[in-house]
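The file coords07.txt comes next; it holds compact mmCIF, C-alpha atoms.
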# COMPACT_ATOMS: atom_id res chain seq x y z
CA MET F 1449 91.17 26.55 149.47
CA ILE F 1450 92.64 29.57 151.28
CA ASP F 1451 90.75 30.52 154.44
CA THR F 1452 90.51 33.96 156.05
CA GLU F 1453 91.98 32.86 159.39
CA GLN F 1454 95.13 31.62 157.67
CA LEU F 1455 95.51 34.92 155.82
CA LEU F 1456 95.11 36.86 159.09
CA ILE F 1457 97.77 34.76 160.81
CA ILE F 1458 100.18 35.35 157.92
CA PHE F 1459 99.43 39.08 158.05
CA LEU F 1460 100.23 39.27 161.78
CA ILE F 1461 103.42 37.19 161.51
CA THR F 1462 104.78 39.24 158.62
CA ALA F 1463 103.82 42.48 160.37
CA VAL F 1464 106.05 41.55 163.32
CA GLY F 1465 108.75 40.40 160.89
CA GLY F 1466 108.53 43.72 159.04
CA PHE F 1467 108.87 45.60 162.32
CA ILE F 1468 112.00 43.62 163.23
CA GLN F 1469 113.47 44.15 159.77
CA ARG F 1470 112.89 47.91 159.92
CA VAL F 1471 114.44 48.33 163.37
CA THR F 1472 117.52 46.13 162.90
CA GLY F 1473 117.93 45.92 159.12
CA PHE F 1474 117.58 42.11 159.13
CA GLY F 1475 115.72 39.26 160.82
CA PHE F 1476 112.48 39.04 158.81
CA GLY F 1477 113.22 35.56 157.47
CA ILE F 1478 114.58 34.23 160.75
CA PHE F 1479 111.40 35.28 162.58
CA VAL F 1480 108.74 34.23 160.06
CA MET F 1481 110.40 30.86 159.44
CA LEU F 1482 109.72 29.99 163.08
CA PHE F 1483 106.05 29.81 162.05
CA PHE F 1484 105.74 29.34 158.29
CA PRO F 1485 106.84 25.67 158.18
CA HIS F 1486 103.92 24.88 160.51
CA ILE F 1487 101.41 26.79 158.35
CA PHE F 1488 102.23 25.66 154.84
CA LYS F 1489 102.20 22.15 153.39
CA THR F 1490 105.86 22.08 152.35
CA HIS F 1491 109.07 23.69 153.58
CA THR F 1492 109.85 24.83 150.02
CA SER F 1493 106.61 26.84 149.90
CA ALA F 1494 107.32 28.36 153.33
CA ALA F 1495 110.84 29.36 152.27
CA ALA F 1496 109.62 30.69 148.93
CA ILE F 1497 107.00 32.93 150.57
CA SER F 1498 109.45 34.12 153.22
CA THR F 1499 112.10 34.98 150.60
CA PHE F 1500 109.57 36.60 148.26
CA VAL F 1501 108.10 38.88 150.95
CA SER F 1502 111.53 39.65 152.42
CA SER F 1503 112.92 40.65 149.03
CA CYS F 1504 109.88 42.86 148.34
CA ILE F 1505 110.06 44.75 151.65
CA SER F 1506 113.85 45.07 151.34
CA ALA F 1507 113.58 46.35 147.77
CA TYR F 1508 110.89 48.80 148.91
CA ASN F 1509 113.12 50.14 151.69
CA ALA F 1510 116.15 50.27 149.37
CA PHE F 1511 114.16 52.38 146.90
CA ILE F 1512 112.96 54.76 149.63
CA TYR F 1513 116.52 55.21 150.94
CA ARG F 1514 118.33 54.87 147.59
CA LYS F 1515 120.16 58.19 148.13
CA ASN F 1516 121.77 56.75 151.28
CA ILE F 1517 123.21 53.65 149.56
CA PRO F 1518 127.01 53.75 149.11
CA TYR F 1519 126.87 51.74 145.86
CA LYS F 1520 130.63 51.41 145.36
CA SER F 1521 130.95 49.70 148.74
CA ASN F 1522 127.94 47.44 148.13
CA VAL F 1523 128.61 46.19 144.60
CA PRO F 1524 131.44 43.76 145.61
CA LEU F 1525 129.25 42.51 148.48
CA VAL F 1526 126.29 41.76 146.22
CA LEU F 1527 128.22 40.35 143.26
CA SER F 1528 130.21 37.86 145.35
CA ALA F 1529 126.99 36.65 146.99
CA LEU F 1530 125.27 36.17 143.62
CA ILE F 1531 128.21 34.04 142.49
CA THR F 1532 128.36 31.79 145.56
CA ILE F 1533 124.61 31.29 146.09
CA PRO F 1534 124.03 28.84 143.19
CA VAL F 1535 127.22 26.93 144.03
CA ALA F 1536 126.11 26.56 147.66
CA VAL F 1537 122.63 25.47 146.60
CA ARG F 1538 124.18 22.55 144.72
CA LEU F 1539 126.37 21.69 147.71
CA SER F 1540 123.36 21.78 150.05
CA ILE F 1541 122.20 18.49 148.57
CA LEU F 1542 125.34 16.80 149.94
CA VAL F 1543 125.50 18.60 153.31
CA SER F 1544 123.63 17.74 156.52
CA GLY F 1545 122.13 21.14 157.20
CA ASP F 1546 121.06 20.36 160.75
CA TYR F 1547 124.56 20.00 162.19
CA PHE F 1548 126.00 22.90 160.23
CA ASN F 1549 123.11 25.12 161.21
CA LYS F 1550 123.73 24.38 164.90
CA ALA F 1551 127.45 25.05 164.43
CA LEU F 1552 126.61 28.34 162.73
CA GLY F 1553 124.39 29.24 165.69
CA VAL F 1554 127.28 28.70 168.13
CA VAL F 1555 129.65 30.80 166.00
CA LEU F 1556 127.01 33.51 165.67
CA ILE F 1557 126.54 33.74 169.44
CA ILE F 1558 130.31 33.92 170.07
CA LEU F 1559 130.79 36.62 167.43
CA SER F 1560 127.81 38.63 168.64
CA VAL F 1561 128.94 38.54 172.29
CA TYR F 1562 132.43 39.63 171.22
CA PHE F 1563 131.10 42.47 169.07
CA LEU F 1564 128.64 43.51 171.77
CA PHE F 1565 131.34 44.11 174.37
CA PHE F 1566 134.36 44.94 172.21
CA SER F 1567 132.83 46.66 169.17
CA ASP F 1568 134.72 49.90 169.87
CA ARG F 1569 137.98 48.06 169.19
CA ILE F 1570 136.79 46.65 165.86
CA LYS F 1571 137.19 48.67 162.67
CA ILE F 1572 136.03 47.11 159.40
CA LYS F 1573 136.63 49.27 156.33
CA PRO F 1574 134.07 49.15 153.48
CA SER F 1575 136.73 47.95 151.02
CA VAL F 1576 136.41 45.79 147.90
CA LYS F 1577 138.28 42.94 149.62
CA ASN F 1578 136.13 42.97 152.76
CA GLY F 1579 132.97 43.27 150.67
CA ILE F 1580 133.89 40.25 148.54
CA ILE F 1581 134.74 38.14 151.60
CA SER F 1582 131.55 39.08 153.50
CA GLY F 1583 129.32 38.69 150.45
CA GLY F 1584 130.90 35.38 149.50
CA ILE F 1585 130.37 33.93 152.97
CA ALA F 1586 126.80 35.27 153.02
CA GLY F 1587 126.10 33.65 149.65
CA ILE F 1588 127.40 30.29 150.85
CA LEU F 1589 125.31 30.45 154.04
CA THR F 1590 122.27 31.55 152.05
CA GLY F 1591 122.62 28.64 149.63
CA LEU F 1592 123.25 26.08 152.37
CA PHE F 1593 120.99 27.21 155.22
CA SER F 1594 119.09 30.36 154.13
CA THR F 1595 120.92 32.26 156.89
CA GLY F 1596 123.14 34.64 154.93
CA GLY F 1597 122.24 37.80 156.84
CA PRO F 1598 124.73 37.75 159.77
CA PRO F 1599 128.01 38.19 157.79
CA VAL F 1600 126.47 41.06 155.83
CA VAL F 1601 125.12 42.78 158.92
CA LEU F 1602 128.38 42.40 160.85
CA TYR F 1603 130.27 43.92 157.90
CA LEU F 1604 127.88 46.78 157.17
CA VAL F 1605 127.16 47.89 160.76
CA ASN F 1606 130.90 48.28 161.36
CA ALA F 1607 131.72 49.66 157.93
CA PHE F 1608 129.45 52.70 157.99
CA SER F 1609 129.32 55.46 160.57
CA ASP F 1610 125.65 56.44 160.22
CA ASN F 1611 122.47 54.44 160.68
CA LEU F 1612 120.89 55.30 157.32
CA SER F 1613 123.88 54.13 155.25
CA TYR F 1614 123.86 50.86 157.20
CA PHE F 1615 120.11 50.33 156.84
CA ALA F 1616 119.96 51.32 153.16
CA SER F 1617 122.88 48.99 152.37
CA THR F 1618 121.32 45.98 154.11
CA GLN F 1619 118.06 46.50 152.25
CA PHE F 1620 119.89 46.90 148.94
CA PHE F 1621 121.72 43.61 149.53
CA PHE F 1622 118.74 41.60 150.80
CA GLY F 1623 116.48 43.02 148.09
CA LEU F 1624 118.74 42.03 145.20
CA THR F 1625 119.77 38.62 146.56
CA GLY F 1626 116.17 37.86 147.58
CA ILE F 1627 114.84 38.69 144.11
CA TYR F 1628 117.61 36.55 142.61
CA SER F 1629 116.67 33.60 144.84
CA THR F 1630 112.98 34.05 143.98
CA ILE F 1631 113.76 33.96 140.25
CA VAL F 1632 115.74 30.75 140.75
CA ARG F 1633 112.76 29.25 142.60
CA ALA F 1634 110.38 30.41 139.87
CA PHE F 1635 112.39 28.56 137.22
CA SER F 1636 112.34 25.53 139.51
CA GLY F 1637 108.54 25.55 139.52
CA ILE F 1638 108.18 26.42 143.21
CA ILE F 1639 106.38 29.74 142.68
CA ASN F 1640 102.68 29.01 142.05
CA SER F 1641 99.41 30.93 142.43
CA GLU F 1642 99.06 29.98 146.11
CA VAL F 1643 102.56 31.25 146.89
CA LEU F 1644 101.75 34.52 145.12
CA VAL F 1645 98.54 35.04 147.11
CA PHE F 1646 100.20 34.37 150.46
CA SER F 1647 103.16 36.54 149.47
CA ALA F 1648 100.85 39.43 148.61
CA VAL F 1649 99.19 39.24 152.03
CA GLY F 1650 102.59 38.90 153.67
CA PHE F 1651 103.89 41.96 151.86
CA VAL F 1652 100.98 44.07 153.10
CA GLY F 1653 101.64 42.86 156.64
CA SER F 1654 105.36 43.61 156.36
CA ILE F 1655 104.62 47.14 155.14
CA VAL F 1656 102.44 47.78 158.21
CA GLY F 1657 105.17 46.48 160.54
CA ASN F 1658 107.74 48.47 158.58
CA LEU F 1659 105.88 51.72 159.23
CA PHE F 1660 105.79 51.10 162.98
CA GLY F 1661 109.45 50.07 163.00
CA LYS F 1662 110.54 53.30 161.32
CA SER F 1663 109.49 55.40 164.32
CA VAL F 1664 111.69 53.24 166.58
CA PHE F 1665 114.66 53.21 164.18
CA ASP F 1666 114.64 57.00 163.81
CA LYS F 1667 115.17 57.40 167.56
CA LEU F 1668 118.19 55.08 167.77
CA ASN F 1669 121.75 56.35 167.92
CA LYS F 1670 124.56 54.29 166.38
CA LYS F 1671 125.63 52.65 169.64
CA ARG F 1672 122.10 51.61 170.58
CA LEU F 1673 121.45 50.24 167.09
CA ARG F 1674 124.57 48.07 167.30
CA GLN F 1675 123.52 46.73 170.69
CA ILE F 1676 120.08 45.78 169.37
CA ILE F 1677 121.62 44.11 166.31
CA TYR F 1678 124.08 42.02 168.32
CA ILE F 1679 121.41 40.97 170.82
CA GLY F 1680 119.19 40.03 167.88
CA MET F 1681 121.98 37.89 166.47
CA ILE F 1682 122.49 36.13 169.79
CA ILE F 1683 118.77 35.28 169.80
CA SER F 1684 119.05 34.11 166.18
CA GLY F 1685 121.98 31.87 167.12
CA ILE F 1686 120.00 30.33 169.98
CA ILE F 1687 117.09 29.69 167.60
CA MET F 1688 119.44 27.93 165.13
CA ILE F 1689 120.80 25.69 167.88
CA VAL F 1690 117.46 24.79 169.45
Entire entry expressed as structure tokens:
Amino acid sequence: MIDTEQLLIIFLITAVGGFIQRVTGFGFGIFVMLFFPHIFKTHTSAAAISTFVSSCISAYNAFIYRKNIPYKSNVPLVLSALITIPVAVRLSILVSGDYFNKALGVVLIILSVYFLFFSDRIKIKPSVKNGIISGGIAGILTGLFSTGGPPVVLYLVNAFSDNLSYFASTQFFFGLTGIYSTIVRAFSGIINSEVLVFSAVGFVGSIVGNLFGKSVFDKLNKKRLRQIIYIGMIISGIIMIV
């Protein structure tokens, strides 16, 4: 039986996650998965709810800012991720995720520190080649560890000159890949009535956080946004290691 206190906790957690997602363009899943595994009976249910809510809020944002999405630059990114995700999911059975996740955390911290202090020297063009590489890596990391956001964010924040193109592109990517992952889980029998109820509450919470985050995002210039993103990635890397 679902109790009211549990629903309130989920609402608050997803509200904070929605705020983070709206300000930085990523981070919802990383934040809520600090708590969800301790709330739900199984890790699969926690991951399913996190992915479901994340894909819904990302799709919502992508629809709102659909005019700001540079589709030609995003299609290679999305398609390569959709190809590598199922392959990586199969490989995840054979891989010790704990050690690789810690290694990914170390790499993420190093990359974020480098980008934080030397980002003006780095120029990544939104080309088909770069999109395929970034999306492919993101798909592999998503399938293995559910941490596919960093490669996409690093590519998009450096590829586009304005905040809205960056944000709209991240939401477009996370929305499509999240929906894809949710469909895969549904066919696997992981999506049940309980997951749907918790996801509905989580979506409402994420919308509330999203609204508050918008006011912060609108005040950020490009340089400040990059700094917040890289700091957020350093924190994410530390979380992966610890």
Residues near stretch 1575-1589 of chain F, cut-off 9 Å, all atoms listed in the file, skip fewer than 5 positions along chain, as a CSV table (one decimal) with C-alpha atoms, keeping the file's coordinate frame:
chain,number,residue,atom,x,y,z
F,1520,LYS,CA,130.6,51.4,145.4
F,1521,SER,CA,131.0,49.7,148.7
F,1522,ASN,CA,127.9,47.4,148.1
F,1523,VAL,CA,128.6,46.2,144.6
F,1524,PRO,CA,131.4,43.8,145.6
F,1525,LEU,CA,129.2,42.5,148.5
F,1526,VAL,CA,126.3,41.8,146.2
F,1527,LEU,CA,128.2,40.4,143.3
F,1528,SER,CA,130.2,37.9,145.4
F,1529,ALA,CA,127.0,36.6,147.0
F,1530,LEU,CA,125.3,36.2,143.6
F,1531,ILE,CA,128.2,34.0,142.5
F,1532,THR,CA,128.4,31.8,145.6
F,1533,ILE,CA,124.6,31.3,146.1
F,1534,PRO,CA,124.0,28.8,143.2
F,1535,VAL,CA,127.2,26.9,144.0
F,1536,ALA,CA,126.1,26.6,147.7
F,1537,VAL,CA,122.6,25.5,146.6
F,1594,SER,CA,119.1,30.4,154.1
F,1595,THR,CA,120.9,32.3,156.9
F,1596,GLY,CA,123.1,34.6,154.9
F,1597,GLY,CA,122.2,37.8,156.8
F,1598,PRO,CA,124.7,37.8,159.8
F,1599,PRO,CA,128.0,38.2,157.8
F,1600,VAL,CA,126.5,41.1,155.8
F,1602,LEU,CA,128.4,42.4,160.8
F,1603,TYR,CA,130.3,43.9,157.9
F,1604,LEU,CA,127.9,46.8,157.2
F,1607,ALA,CA,131.7,49.7,157.9
F,1625,THR,CA,119.8,38.6,146.6
**Request:** Kindly extract all protein, DNA and RNA residues lying within 12 Å of the coordinates (104.3, 39.5, 149.1) given in the file, considering all atoms listed in the file, and supply them as a PyMOL selection string.
**Result:** chain F and resi 1455+1458-1459+1462-1463+1466+1496-1508+1627+1630+1639+1641-1655
**Request:** Name all residues at most 10 Å from stretch 1609-1618 of chain F (count all atoms listed in the file; drop same-chain ones fewer than 4 positions away) and give them as a PyMOL selection string.
**Result:** chain F and resi 1469-1474+1506-1507+1509-1519+1521-1522+1525+1597+1600-1601+1603-1605+1622-1623+1665-1666+1668-1671+1673-1674
**Prompt:** Which one is closest to F:Asn1606: F:Arg1672, F:Arg1633, F:Lys1667, F:Lys1573? Count only C-alpha atoms.
**Reply:** F:Lys1573
**One-decimal distance in Å that lies between atom CA of F:His1491 and atom CA of F:Asn1640** =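 Pair atom CA of F:Asn1640 / atom CA of F:His1491 returns 14.2 Å.
Distance-wise, atom CA of F:Phe1621 and atom CA of F:Phe1488 end up 27.0 Å apart.
The two atoms in question, atom CA of F:Gly1465 and atom CA of F:Ser1493, are spaced 17.6 Å apart.
With all atoms listed in the file as the atoms that count, the minimum distance from F:Met1681 to the choices F:Phe1483, F:Phe1620, F:Phe1467, F:Phe1563 is reached by F:Phe1563.
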Kindly provide, as AutoDock Vina command-line options, the centre and edge lengths (Å, one decimal) of an axis-aligned box around all atoms of stretch 1456-1459 of chain F given in the file, with 6 Å on each side.
--center_x 97.6 --center_y 36.9 --center_z 159.4 --size_x 17.1 --size_y 16.3 --size_z 14.9
